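Data first, discussion second: the structure below is written as structure tokens.
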Amino acid sequence: MRPTSAVVDLAAVTANAAELARRAAPAELCAVVKADGYGHGSVAVGRAALAGGATWLGVALVEEGVELREAGVAAPILLLSEPRPNEMVEVVAHDLRPSVYSPEGLAAAAAAAATAGRRLPVHLKIDTGMNRVGARPTDALLLARAIAAKSDLRLEGVWTHCAVADELDNPFTEVQLERYERVLGRLAAGDGVPGPLRRHAANSALLLSGCRPDVSPIRRRGRYDMVRAGIALYGLSPGADLVSDIDGLRPVMGLRTEVAYVKTVRAGEAISYGLAHRFDSDRQVATVPIGYADGARRDYGLRGGQVLIRGRRRSVVGTVTMDQLMVDCGPDEGASGEEVVAGDEVVLIGSQGDESIAAEEVAARLGTIPYEVVCDIGRRVRRHYR
């Protein structure tokens with residue numbers, strides 16, 4: 001078995017959930033474990049988050065919720081998008097809480113609940129300006145009344161999602177929350193809409209920023225009754241404005257492998273597909289068994305990507321291939337005995353000696369966000385839980 005693995009610290013998940021629950025209080029914590037727990041493993045992370053104080057789990061797909069149920073997870077599970085009509089039978093059968101925002105979705109949810117002889121709790125999603133999914137604010141009261149009129153459904157929650165909560169100077173978060181609160185006011189005053197309703201709008205960024213004393217009052221109260229924490233649960237920052245706000249949270253994942261092969265590449269020779277990197281002196285080059293099929297981006301070396309070997313930063317060179325990448329380990333150090341050898345540990349994310357490479361650093365080099373870095377780590381990379 002190859003030595004490449006993602007090391008997942010479940011104790012860090014539990015500790016992070018406890019810290020986020022503390023910051024969210026008195027609101028409940030919904031731990032978002034969609035996309036296989038952002039690549040960390042949804043079942044293991046979900047259990048660890050619940051042990052730390054989360055009371056709900058959030059997923060994107062019906063099959064993600066089913067996987068949790070089949071693993072014995074009993075906590076409420078929120079579906080963050082409206083399932084297709086033909087999926088509502090599975091939603092009811094596995095006691096999932098669907099988000100709804102269309103008449104077709106409501107009808108399908110009610111029919112599935114009626115067939116099963118159950119009353120299904122649903123959450124009405126309001127689109128306050130992200131323009132991805134959700135009902136328009138002007139349609140919210142009509143949809144809430146339609147839910148209340150169906151004896152097989154129960155309106156349990158009303159929620160929205162903020163598009164730029166990680167940008168502290170962007171006023172659009174306040175605009176979205178003001179729209180959301182106007183919807184809540186109309187629902188509270190509307191005939192035929194039973195309450196109370198579980199209100200939730202905060203993602204990781206809104207939760208973290210809402211704890212600051214210098215932000216707007218509406219942002220501070222944006223925790224409402226429940227927060228949906230995703231990236232912060234994994235010890236990663238939602239954005240550049242919030243790096244200091246994850247103090248007290250621990251990174252959960254490390255990515256490690258071993259040197260598979262070492263050779264000397266002569267001055268003037270090039271390396272890997274496309275021969276994009278040419279050496280100007282004789283260099284010791286290590287081949288490492290991880291590639292773009294595992295989540296190491298093909299252009300990582302061309303963007304200055306580094307790894308840790310023997311406690312030092314080393315540059316990835318040339319194009320990352322499907323199963324392997326190459327690392328410049330410097331000139332042959334010969335008699336010093338410090339040359340890199342097969343079997344040496346390689347760290348792509350995590351710490352080695354006094355050096356560390358964080359997922360945020362990898363993301364910055366690639367021009368993306370840490371969410372994508374951890375989610376891209378493929379299934380053939382073994383998850384090692386500790």
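Scheme for the structure tokens: letters A, B, ... for chains in order shown; per-chain residue numbers from 1; ligand numbers from 1 in order shown.
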
Near-Leu187 of chain A list (8 Å; only C-alpha atoms; drop same-chain fewer than 2 positions) as a PyMOL selection string = chain A and resi 140-141+144+183-185+189-190+193

Within segment 38-220 of chain A, find each residue whose DSSP state, derived from the backbone, is strand (DSSP E), and express the selection as a PyMOL selection string.
-> chain A and resi 56-59+77-79+97-100+120-125+153-159+198-202

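Comparing A:Ala342, A:Ala260, A:Asp354, A:Ser102 by their smallest distance to Arg136 of chain A, the closest is A:Ser102 (using only C-alpha atoms).
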
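The closest residue to Leu249 of chain A, picked from A:Glu372, A:Leu236, A:Asn203, A:Gly195 and counting only C-alpha atoms, is A:Leu236.
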
Who sits within 9 Å of Gly192 of chain A, only C-alpha atoms, same chain under 3 positions skipped, as a list in words = Ala144, Arg145, Ala148 and Ala149 of chain A

Store the residues of this selection in a file with C-alpha atoms, as a compact mmCIF listing (two decimals), in the first residue's frame.
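So the final result, stored in out36.txt, reads:
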```txt
# COMPACT_ATOMS: atom_id res chain seq x y z
CA ALA A 144 -44.88 29.69 4.26
CA ARG A 145 -48.68 29.72 4.19
CA ALA A 148 -48.68 25.58 6.92
CA ALA A 149 -51.76 24.55 4.93
```

Check segment 11-244 of chain A with DSSP on the backbone and list each residue it calls helix (DSSP H, G or I), as an MDAnalysis selection string.
-> chainID A and resid 11:24 34:38 42:52 62:70 85:93 103:116 137:148 172:189 204:210 217:223 231:234 240:242 244
